[in-house]
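target00.cif (mmCIF, C-alpha atoms and all ligand atoms)
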```cif
data_input
#
loop_
_atom_site.label_atom_id
_atom_site.label_comp_id
_atom_site.auth_asym_id
_atom_site.auth_seq_id
_atom_site.Cartn_x
_atom_site.Cartn_y
_atom_site.Cartn_z
CA MET A 1 -6.92 -57.07 81.82
CA ALA A 2 -9.56 -58.55 84.13
CA ALA A 3 -9.38 -55.51 86.42
CA GLU A 4 -10.37 -53.08 83.66
CA PRO A 5 -14.19 -53.21 83.95
CA VAL A 6 -13.90 -52.74 87.70
CA THR A 7 -11.49 -49.81 87.70
CA ALA A 8 -13.02 -47.97 84.74
CA PRO A 9 -15.82 -45.77 86.13
CA VAL A 10 -19.18 -46.49 84.59
CA VAL A 11 -19.70 -42.83 83.73
CA GLU A 12 -16.50 -42.80 81.68
CA ARG A 13 -17.71 -45.69 79.57
CA VAL A 14 -21.01 -43.93 78.96
CA ASP A 15 -19.20 -40.68 78.17
CA THR A 16 -17.10 -42.14 75.40
CA THR A 17 -20.14 -43.42 73.51
CA VAL A 18 -20.62 -41.24 70.48
CA GLY A 19 -24.08 -39.72 70.43
CA SER A 20 -24.88 -40.99 73.92
CA VAL A 21 -28.45 -40.26 75.02
CA ASN A 22 -27.82 -40.98 78.66
CA PRO A 23 -29.62 -38.16 80.55
CA VAL A 24 -27.03 -38.21 83.35
CA ASP A 25 -24.35 -37.66 80.77
CA THR A 26 -25.79 -34.51 79.17
CA SER A 27 -27.23 -32.90 82.28
CA ALA A 28 -24.00 -32.88 84.27
CA PRO A 29 -21.94 -29.85 83.26
CA GLY A 30 -19.19 -30.80 85.71
CA ARG A 31 -18.61 -34.03 83.89
CA GLU A 32 -18.72 -32.29 80.51
CA THR A 33 -15.97 -29.91 81.65
CA GLY A 34 -14.02 -32.90 82.96
CA ARG A 35 -14.19 -34.53 79.57
CA VAL A 36 -12.92 -31.46 77.76
CA GLU A 37 -10.25 -31.12 80.44
CA LYS A 38 -9.17 -34.71 79.82
CA LEU A 39 -9.01 -34.06 76.08
CA ARG A 40 -6.91 -30.98 76.68
CA ARG A 41 -4.45 -32.91 78.78
CA SER A 42 -3.72 -35.64 76.24
CA ARG A 43 -1.49 -34.82 73.28
CA GLY A 44 -3.82 -36.29 70.66
CA GLY A 45 -6.78 -34.60 72.34
CA ARG A 46 -5.08 -31.21 72.20
CA ALA A 47 -4.28 -31.68 68.52
CA ALA A 48 -7.90 -32.67 67.86
CA LEU A 49 -9.20 -29.60 69.74
CA TRP A 50 -6.87 -27.37 67.73
CA ALA A 51 -7.97 -28.97 64.47
CA VAL A 52 -11.65 -28.52 65.35
CA GLY A 53 -10.99 -24.91 66.44
CA ILE A 54 -9.17 -24.07 63.22
CA LEU A 55 -11.89 -25.69 61.11
CA VAL A 56 -14.60 -23.72 62.94
CA VAL A 57 -12.68 -20.44 62.44
CA LEU A 58 -12.11 -21.23 58.75
CA ALA A 59 -15.76 -22.15 58.22
CA LEU A 60 -16.84 -18.93 59.95
CA ALA A 61 -14.42 -16.93 57.77
CA VAL A 62 -15.84 -18.53 54.61
CA PHE A 63 -19.46 -17.88 55.62
CA THR A 64 -18.70 -14.30 56.64
CA ALA A 65 -16.79 -13.59 53.42
CA ARG A 66 -19.49 -15.16 51.25
CA TRP A 67 -22.14 -13.12 53.01
CA LEU A 68 -20.05 -9.94 52.71
CA MET A 69 -19.65 -10.56 48.98
CA THR A 70 -23.43 -10.36 48.56
CA THR A 71 -23.58 -6.85 50.04
CA GLU A 72 -23.50 -3.84 47.78
CA PRO A 73 -20.60 -1.90 49.42
CA VAL A 74 -18.30 -4.94 49.34
CA GLN A 75 -19.27 -5.71 45.74
CA SER A 76 -18.36 -2.20 44.64
CA PHE A 77 -15.15 -2.35 46.75
CA VAL A 78 -14.08 -5.54 44.95
CA ALA A 79 -15.05 -4.03 41.59
CA ARG A 80 -12.90 -0.99 42.37
CA TYR A 81 -10.00 -3.05 43.78
CA PRO A 82 -9.96 -6.32 41.82
CA GLY A 83 -7.05 -7.78 43.83
CA GLU A 84 -4.04 -6.67 41.82
CA THR A 85 -2.39 -3.37 40.96
CA GLU A 86 -1.06 -2.33 37.60
CA LEU A 87 2.64 -3.02 37.00
CA PRO A 88 4.95 -0.08 36.22
CA PRO A 89 5.57 0.39 32.48
CA GLY A 90 8.30 -1.86 31.10
CA ALA A 91 7.86 -4.57 33.73
CA PRO A 92 9.22 -7.92 32.51
CA VAL A 93 6.89 -10.79 31.65
CA GLY A 94 7.62 -14.35 32.76
CA PHE A 95 10.47 -15.91 34.71
CA PRO A 96 14.11 -15.91 33.56
CA ALA A 97 16.24 -19.03 34.18
CA TRP A 98 18.37 -17.35 36.87
CA LEU A 99 15.24 -16.70 38.93
CA ALA A 100 14.10 -20.31 38.67
CA TRP A 101 17.55 -21.60 39.67
CA GLN A 102 17.79 -19.24 42.60
CA HIS A 103 14.27 -20.14 43.71
CA PHE A 104 15.34 -23.81 43.70
CA PHE A 105 18.59 -23.16 45.61
CA ASN A 106 16.58 -21.13 48.10
CA ILE A 107 14.18 -24.00 48.79
CA PHE A 108 16.97 -26.58 48.99
CA LEU A 109 18.96 -24.49 51.48
CA MET A 110 15.93 -23.38 53.44
CA VAL A 111 14.70 -26.93 54.10
CA LEU A 112 18.11 -27.92 55.49
CA ILE A 113 18.52 -24.65 57.39
CA ILE A 114 15.18 -25.08 59.15
CA ARG A 115 15.98 -28.73 59.91
CA SER A 116 19.49 -28.10 61.28
CA GLY A 117 18.26 -25.04 63.23
CA TRP A 118 15.59 -27.16 64.87
CA GLN A 119 18.18 -29.83 65.69
CA VAL A 120 20.45 -27.22 67.29
CA ARG A 121 17.52 -26.17 69.43
CA THR A 122 16.26 -29.58 70.47
CA GLN A 123 19.25 -31.95 70.56
CA ARG A 124 20.82 -32.33 74.00
CA ARG A 125 23.90 -34.28 72.84
CA PRO A 126 25.13 -33.45 69.34
CA PRO A 127 26.26 -36.46 67.28
CA ALA A 128 29.63 -34.72 66.62
CA THR A 129 31.36 -31.39 67.27
CA TRP A 130 33.29 -28.95 65.14
CA THR A 131 36.04 -26.48 66.08
CA ALA A 132 37.32 -23.80 63.71
CA ARG A 133 41.00 -23.90 62.76
CA TRP A 134 41.29 -20.13 62.85
CA GLY A 135 40.77 -17.48 65.56
CA ALA A 136 42.55 -16.94 68.88
CA ASN A 137 40.07 -18.90 70.96
CA PRO A 138 37.82 -20.95 68.68
CA LYS A 139 34.72 -22.43 70.33
CA LYS A 140 33.64 -26.04 69.98
CA ILE A 141 30.18 -26.16 68.44
CA SER A 142 27.82 -28.98 67.46
CA ILE A 143 28.11 -30.24 63.91
CA ASN A 144 24.47 -29.26 63.40
CA LEU A 145 25.29 -25.66 64.25
CA TRP A 146 28.25 -25.84 61.86
CA LEU A 147 25.87 -27.09 59.13
CA HIS A 148 23.26 -24.46 60.00
CA GLN A 149 25.75 -21.60 59.78
CA SER A 150 27.52 -22.91 56.66
CA LEU A 151 24.18 -23.19 54.85
CA ASP A 152 23.25 -19.71 56.11
CA ILE A 153 26.30 -18.29 54.34
CA LEU A 154 25.31 -20.00 51.06
CA TRP A 155 21.69 -18.86 51.54
CA MET A 156 22.77 -15.24 52.09
CA VAL A 157 25.04 -15.32 49.01
CA ASN A 158 22.13 -16.72 46.97
CA GLY A 159 19.79 -14.09 48.43
CA ALA A 160 22.17 -11.17 47.85
CA LEU A 161 22.70 -12.24 44.23
CA PHE A 162 18.92 -12.61 43.85
CA VAL A 163 18.32 -9.04 45.04
CA VAL A 164 21.08 -7.68 42.76
CA LEU A 165 19.54 -9.47 39.77
CA LEU A 166 15.99 -8.43 40.76
CA ILE A 167 17.11 -4.81 40.72
CA SER A 168 19.29 -4.94 37.62
CA THR A 169 16.74 -6.76 35.42
CA GLY A 170 13.62 -4.85 36.46
CA GLN A 171 12.18 -8.09 37.86
CA TRP A 172 11.80 -6.27 41.21
CA MET A 173 8.69 -4.50 39.85
CA ARG A 174 6.73 -7.73 40.26
CA VAL A 175 7.56 -8.24 43.95
CA VAL A 176 7.87 -4.70 45.32
CA PRO A 177 4.64 -2.76 45.93
CA THR A 178 4.75 0.41 43.83
CA SER A 179 1.46 1.97 44.93
CA TRP A 180 -0.54 2.25 48.15
CA GLU A 181 -3.40 0.58 46.31
CA VAL A 182 -1.65 -2.69 47.02
CA PHE A 183 -3.30 -2.68 50.49
CA PRO A 184 -7.00 -2.41 49.50
CA ASN A 185 -6.26 -4.84 46.67
CA ALA A 186 -4.69 -7.31 49.11
CA LEU A 187 -7.82 -7.02 51.27
CA SER A 188 -9.91 -7.68 48.19
CA ALA A 189 -7.77 -10.76 47.40
CA ILE A 190 -8.23 -12.00 51.00
CA LEU A 191 -12.01 -11.61 50.64
CA GLN A 192 -11.94 -13.49 47.34
CA TYR A 193 -9.83 -16.33 48.76
CA ALA A 194 -12.00 -16.52 51.89
CA SER A 195 -15.22 -16.64 49.87
CA LEU A 196 -13.67 -19.54 47.91
CA ASP A 197 -14.08 -17.53 44.72
CA TRP A 198 -10.32 -17.32 44.19
CA PRO A 199 -8.66 -14.46 42.32
CA THR A 200 -7.83 -15.58 38.80
CA GLU A 201 -4.60 -13.67 38.42
CA ASN A 202 -1.89 -14.82 36.05
CA GLY A 203 1.42 -15.12 37.90
CA TRP A 204 3.29 -15.22 34.59
CA VAL A 205 2.44 -11.53 34.09
CA ASN A 206 1.41 -10.11 37.45
CA TYR A 207 0.93 -11.37 41.00
CA ASN A 208 -2.14 -10.48 43.04
CA SER A 209 -1.51 -7.90 45.76
CA LEU A 210 -1.53 -10.43 48.58
CA GLN A 211 1.23 -12.36 46.78
CA VAL A 212 3.20 -9.15 46.18
CA ILE A 213 3.08 -8.31 49.89
CA ALA A 214 3.92 -11.89 50.94
CA TYR A 215 6.88 -12.13 48.54
CA PHE A 216 8.09 -8.65 49.47
CA VAL A 217 8.00 -9.47 53.19
CA ALA A 218 9.76 -12.82 52.62
CA ILE A 219 12.56 -11.28 50.54
CA PHE A 220 13.04 -7.85 52.12
CA VAL A 221 11.90 -8.26 55.75
CA ALA A 222 11.98 -11.89 56.97
CA ALA A 223 15.19 -12.95 55.20
CA PRO A 224 17.26 -9.94 56.40
CA LEU A 225 15.79 -10.36 59.92
CA ALA A 226 16.82 -14.03 59.99
CA ALA A 227 20.34 -13.10 58.87
CA PHE A 228 20.71 -10.14 61.21
CA THR A 229 19.53 -12.02 64.31
CA GLY A 230 21.51 -15.15 63.37
CA PHE A 231 24.67 -13.07 62.97
CA ARG A 232 24.19 -11.71 66.50
CA MET A 233 24.03 -15.21 67.95
CA SER A 234 26.91 -16.59 65.91
CA GLY A 235 30.63 -16.72 66.64
CA ALA A 236 31.11 -14.12 63.89
CA TRP A 237 29.62 -11.38 66.11
CA PRO A 238 32.39 -9.06 67.44
CA SER A 239 31.79 -9.91 71.11
CA LYS A 240 34.58 -7.54 72.18
CA ALA A 241 32.50 -4.58 70.96
CA GLN A 242 30.76 -4.14 74.31
CA VAL A 243 28.71 -1.06 73.46
CA LEU A 244 27.38 -2.69 70.30
CA SER A 245 26.53 -5.86 72.21
CA LYS A 246 24.70 -3.81 74.83
CA ILE A 247 22.69 -1.89 72.24
CA TYR A 248 21.73 -5.12 70.55
CA PRO A 249 21.55 -7.83 73.26
CA VAL A 250 21.74 -11.45 72.22
CA GLU A 251 18.42 -12.15 74.00
CA VAL A 252 16.66 -9.80 71.58
CA ALA A 253 18.16 -11.65 68.63
CA ARG A 254 17.12 -15.00 70.09
CA ALA A 255 13.57 -13.78 70.73
CA ILE A 256 13.22 -12.75 67.06
CA HIS A 257 15.10 -15.58 65.32
CA LEU A 258 12.68 -18.42 66.18
CA PRO A 259 9.44 -16.56 65.28
CA VAL A 260 11.06 -15.70 61.92
CA MET A 261 11.61 -19.42 61.37
CA PHE A 262 7.93 -20.02 62.12
CA TYR A 263 7.01 -17.24 59.71
CA PHE A 264 8.98 -18.98 56.96
CA LEU A 265 7.37 -22.32 57.81
CA GLY A 266 3.91 -20.72 57.60
CA PHE A 267 4.85 -18.97 54.36
CA ILE A 268 6.05 -22.25 52.81
CA VAL A 269 2.91 -24.18 53.81
CA VAL A 270 0.52 -21.52 52.43
CA HIS A 271 2.69 -20.78 49.37
CA VAL A 272 2.99 -24.42 48.30
CA ALA A 273 -0.70 -25.11 49.05
CA LEU A 274 -1.71 -22.18 46.83
CA VAL A 275 0.78 -23.10 44.07
CA LEU A 276 -0.72 -26.59 43.96
CA SER A 277 -4.37 -25.58 44.31
CA THR A 278 -4.50 -22.70 41.81
CA GLY A 279 -3.49 -24.50 38.64
CA ALA A 280 -0.52 -26.66 39.71
CA LEU A 281 0.74 -27.60 36.25
CA ARG A 282 0.64 -24.06 34.95
CA ASN A 283 2.23 -22.56 38.09
CA LEU A 284 4.97 -25.20 38.17
CA ASN A 285 5.63 -24.55 34.49
CA HIS A 286 6.09 -20.85 35.33
CA MET A 287 8.75 -21.40 37.97
CA TYR A 288 10.33 -24.67 36.84
CA GLY A 289 9.63 -24.92 33.12
CA GLY A 290 10.14 -21.29 32.05
CA GLN A 291 6.89 -21.30 30.06
CA ASP A 292 3.26 -20.24 30.43
CA ALA A 293 1.60 -23.47 29.39
CA VAL A 294 -0.45 -26.28 30.88
CA ASN A 295 1.59 -29.47 30.48
CA TRP A 296 3.69 -31.78 32.67
CA TYR A 297 7.10 -30.33 31.71
CA GLY A 298 7.51 -28.06 34.79
CA PHE A 299 6.03 -30.70 37.07
CA TRP A 300 8.73 -33.24 36.21
CA ILE A 301 11.51 -30.70 36.78
CA PHE A 302 9.86 -29.86 40.10
CA PHE A 303 9.69 -33.58 40.91
CA VAL A 304 13.43 -34.06 40.25
CA SER A 305 14.14 -30.98 42.40
CA LEU A 306 12.15 -32.60 45.22
CA LEU A 307 14.24 -35.77 44.92
CA ILE A 308 17.40 -33.67 45.27
CA ILE A 309 15.97 -32.01 48.38
CA VAL A 310 15.03 -35.39 49.90
CA GLY A 311 18.56 -36.62 49.04
CA GLY A 312 20.03 -33.60 50.84
CA TRP A 313 17.80 -34.30 53.86
CA PHE A 314 19.13 -37.86 54.18
CA ALA A 315 22.73 -36.91 53.43
CA ALA A 316 22.76 -34.26 56.19
CA ARG A 317 24.16 -36.66 58.81
CA PRO A 318 27.63 -36.90 60.41
CA LEU A 319 28.72 -39.73 58.09
CA PHE A 320 28.58 -37.39 55.09
CA LEU A 321 28.99 -34.05 56.89
CA ALA A 322 32.18 -34.87 58.80
CA PRO A 323 34.48 -35.11 55.73
CA ILE A 324 33.23 -31.71 54.50
CA ALA A 325 33.32 -30.10 57.95
CA SER A 326 36.88 -31.33 58.53
CA LEU A 327 38.04 -29.32 55.49
CA PHE A 328 37.27 -26.16 57.49
CA GLY A 329 37.97 -27.23 61.06
CA LYS A 330 38.41 -30.10 63.50
CA VAL A 331 35.59 -32.62 63.84
CA GLY A 332 35.39 -34.50 67.13
CA ARG A 333 33.00 -36.18 69.51
C1 LIG B 1 8.51 -26.79 47.15
C2 LIG B 1 8.40 -25.53 47.52
C3 LIG B 1 8.02 -24.39 46.59
C4 LIG B 1 7.33 -24.39 45.40
C5 LIG B 1 6.70 -25.58 44.69
C6 LIG B 1 7.27 -23.03 44.93
C7 LIG B 1 6.67 -22.62 43.75
C8 LIG B 1 6.60 -21.31 43.30
C9 LIG B 1 5.94 -20.89 42.08
C10 LIG B 1 5.20 -21.83 41.12
C11 LIG B 1 6.06 -19.55 41.97
C12 LIG B 1 5.48 -18.68 40.86
C13 LIG B 1 4.04 -18.39 41.18
C14 LIG B 1 3.21 -17.99 39.99
O1 LIG B 1 3.61 -18.19 38.83
O2 LIG B 1 2.09 -17.49 40.23
C15 LIG B 1 6.84 -19.10 43.11
C16 LIG B 1 7.25 -17.79 43.34
C17 LIG B 1 7.98 -17.38 44.47
N1 LIG B 1 8.36 -18.18 45.54
FE1 LIG B 1 8.13 -20.19 45.67
N2 LIG B 1 7.90 -22.22 45.84
C18 LIG B 1 8.39 -23.02 46.87
C19 LIG B 1 9.10 -22.60 47.99
C20 LIG B 1 9.47 -21.29 48.26
C21 LIG B 1 10.23 -20.86 49.41
C22 LIG B 1 10.79 -21.77 50.52
C23 LIG B 1 10.36 -19.51 49.31
C24 LIG B 1 11.06 -18.57 50.27
C25 LIG B 1 10.76 -18.40 51.47
C26 LIG B 1 9.69 -19.10 48.08
C27 LIG B 1 9.61 -17.81 47.62
C28 LIG B 1 9.05 -17.39 46.44
C29 LIG B 1 9.11 -16.04 45.95
C30 LIG B 1 9.80 -14.86 46.66
C31 LIG B 1 8.46 -16.02 44.70
C32 LIG B 1 8.31 -14.83 43.77
C33 LIG B 1 9.54 -14.82 42.87
C34 LIG B 1 9.57 -13.65 41.88
O3 LIG B 1 8.66 -13.57 41.06
O4 LIG B 1 10.55 -12.88 41.91
N3 LIG B 1 9.17 -20.20 47.47
N4 LIG B 1 7.14 -20.19 43.90
#
```
Here is a file; write its structure as structure tokens.
Ligand code: HEM
Amino acid sequence: MAAEPVTAPVVERVDTTVGSVNPVDTSAPGRETGRVEKLRRSRGGRAALWAVGILVVLALAVFTARWLMTTEPVQSFVARYPGETELPPGAPVGFPAWLAWQHFFNIFLMVLIIRSGWQVRTQRRPPATWTARWGANPKKISINLWLHQSLDILWMVNGALFVVLLISTGQWMRVVPTSWEVFPNALSAILQYASLDWPTENGWVNYNSLQVIAYFVAIFVAAPLAAFTGFRMSGAWPSKAQVLSKIYPVEVARAIHLPVMFYFLGFIVVHVALVLSTGALRNLNHMYGGQDAVNWYGFWIFFVSLLIIVGGWFAARPLFLAPIASLFGKVGR
């Protein structure tokens, strides 16, 4: 109020002026540091500093890659390794319906798994509790943990079936590296992305090597790691097996489980951004429409699938969860 002009130091007011030409302002390094310090302390300021930092790093990466692409050795490297490796003979073309369905179930479950996992981690007082009806000494857990673990079981069943079908239909050849050349080709794809001259691969037939590695890691490394570490922390772990518990301490599982979640979050952000920015209609038609064409068919199926996911997000609350949870155990406060 009236006190503001008096209490606010004059220097501060000068400092906040964009493009200030005040000589005192620019010649006082102590004050400059103070300003950055102030920015770092406030939440919004920290976010802004991060955003600026990330933009600077990205801009540097683009300039460096573009410059590298003008040099002869890099040009011949990219000519030799165009960004994708040849598929083994007999590799399938396109996406069968089972793959599209499983991809959808995976997203649906994953969104709710990440959300409920985060709630388990951050909520002090759960909105309801759940106790199993079986076992000698069942533990009371939060309803969010019940949801998290129930969805995990569905996610693992979906994933196991996915791997079985990948193997039995030959579809694995598209997402498992079959030659060491996948590494230089992935580097080539990184250079092409970074120079903003994006690889023009056709995901209907073959993924670029960076995609192959990312999909392989998601399916065969990150997903099993999430399951294996989650199992260790869950009530399903045989806690009486003392030697086993000592060999594989719960702290180790906990230390891995959360970074895996962040890996998945990062994967999803980059994956969806690339799907949408490298020919959205065609890509969505691949995975959702079962065709290699540029029209809105796949987009609308994708849109409906998003509505179902949003519906699941809003339905995942005690009002709707309690009746389901009480089929398997006791729900309380
Ligand atoms: C709304 C979110 C998502 C969208 C729109 C989406 C879309 C797509 C599309 C269009 C493709 C085919 C790419 C191409 O034709 O070049 C694809 C493949 C794939 N996506 Fe997603 N995706 C999403 C979320 C996820 C999530 C959460 C995961 C798992 C962590 C995932 C894992 C995969 C895998 C492993 C493949 C390769 C499948 C194969 O060929 O066997 N996706 N996705």
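Around ligand LIG 1 (chain B), the neighbouring residues within 6 Å, taking only C-alpha atoms and all ligand atoms, come to A:Ile107, A:Val175, A:Gly203, A:Trp204, A:Tyr215, A:Ala218, A:Ile219, A:Phe264, A:Ile268, A:Val272, A:Val275, A:Asn283, A:Leu284, A:His286, A:Met287.
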- Message: Let me make sure I understand: among A:Phe314, A:Phe104, A:Phe328, A:Phe216, which one has the smallest atom-to-atom distance to Asn158 (chain A) if we use all atoms listed in the file?
- Response: A:Phe104
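With all atoms listed in the file as the basis for measurement, A:Ile114 is the residue among A:Met156, A:Ile114, A:Val243, A:Leu39 that approaches Leu258 (chain A) most closely.
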What's around Val74 (chain A) at 12 Å? Count only C-alpha atoms, leave out sequence neighbours fewer than 3 positions away in its own chain, and write the answer as a JSON list (two decimals) with C-alpha atoms, in the frame of the given file.
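Written out: selection00.json:
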```
[["chain", "number", "residue", "atom", "x", "y", "z"],
["A", 64, "THR", "CA", -18.70, -14.30, 56.64],
["A", 65, "ALA", "CA", -16.79, -13.59, 53.42],
["A", 66, "ARG", "CA", -19.49, -15.16, 51.25],
["A", 67, "TRP", "CA", -22.14, -13.12, 53.01],
["A", 68, "LEU", "CA", -20.05, -9.94, 52.71],
["A", 69, "MET", "CA", -19.65, -10.56, 48.98],
["A", 70, "THR", "CA", -23.43, -10.36, 48.56],
["A", 71, "THR", "CA", -23.58, -6.85, 50.04],
["A", 77, "PHE", "CA", -15.15, -2.35, 46.75],
["A", 78, "VAL", "CA", -14.08, -5.54, 44.95],
["A", 79, "ALA", "CA", -15.05, -4.03, 41.59],
["A", 80, "ARG", "CA", -12.90, -0.99, 42.37],
["A", 81, "TYR", "CA", -10.00, -3.05, 43.78],
["A", 82, "PRO", "CA", -9.96, -6.32, 41.82],
["A", 184, "PRO", "CA", -7.00, -2.41, 49.50],
["A", 187, "LEU", "CA", -7.82, -7.02, 51.27],
["A", 188, "SER", "CA", -9.91, -7.68, 48.19],
["A", 191, "LEU", "CA", -12.01, -11.61, 50.64],
["A", 192, "GLN", "CA", -11.94, -13.49, 47.34]]
```
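The spacing separating CA of Phe267 (chain A) from CA of Pro318 (chain A) amounts to 29.6 Å.
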- Item | All residues 10 Å or closer to region 133-143 of chain A, only C-alpha atoms, same chain fewer than 5 positions away omitted, as a ChimeraX atom specification | /A:116,119-120,123,125-128,148-149,235,317-318,321-322,325-333
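For the pair CA of Thr229 (chain A) and CA of His257 (chain A), the interatomic distance is 5.8 Å.
Compared by their closest atoms to Thr122 (chain A), and using only C-alpha atoms, the residues A:Leu49, A:Leu145, A:Leu154, A:Leu244 rank with A:Leu145 nearest.
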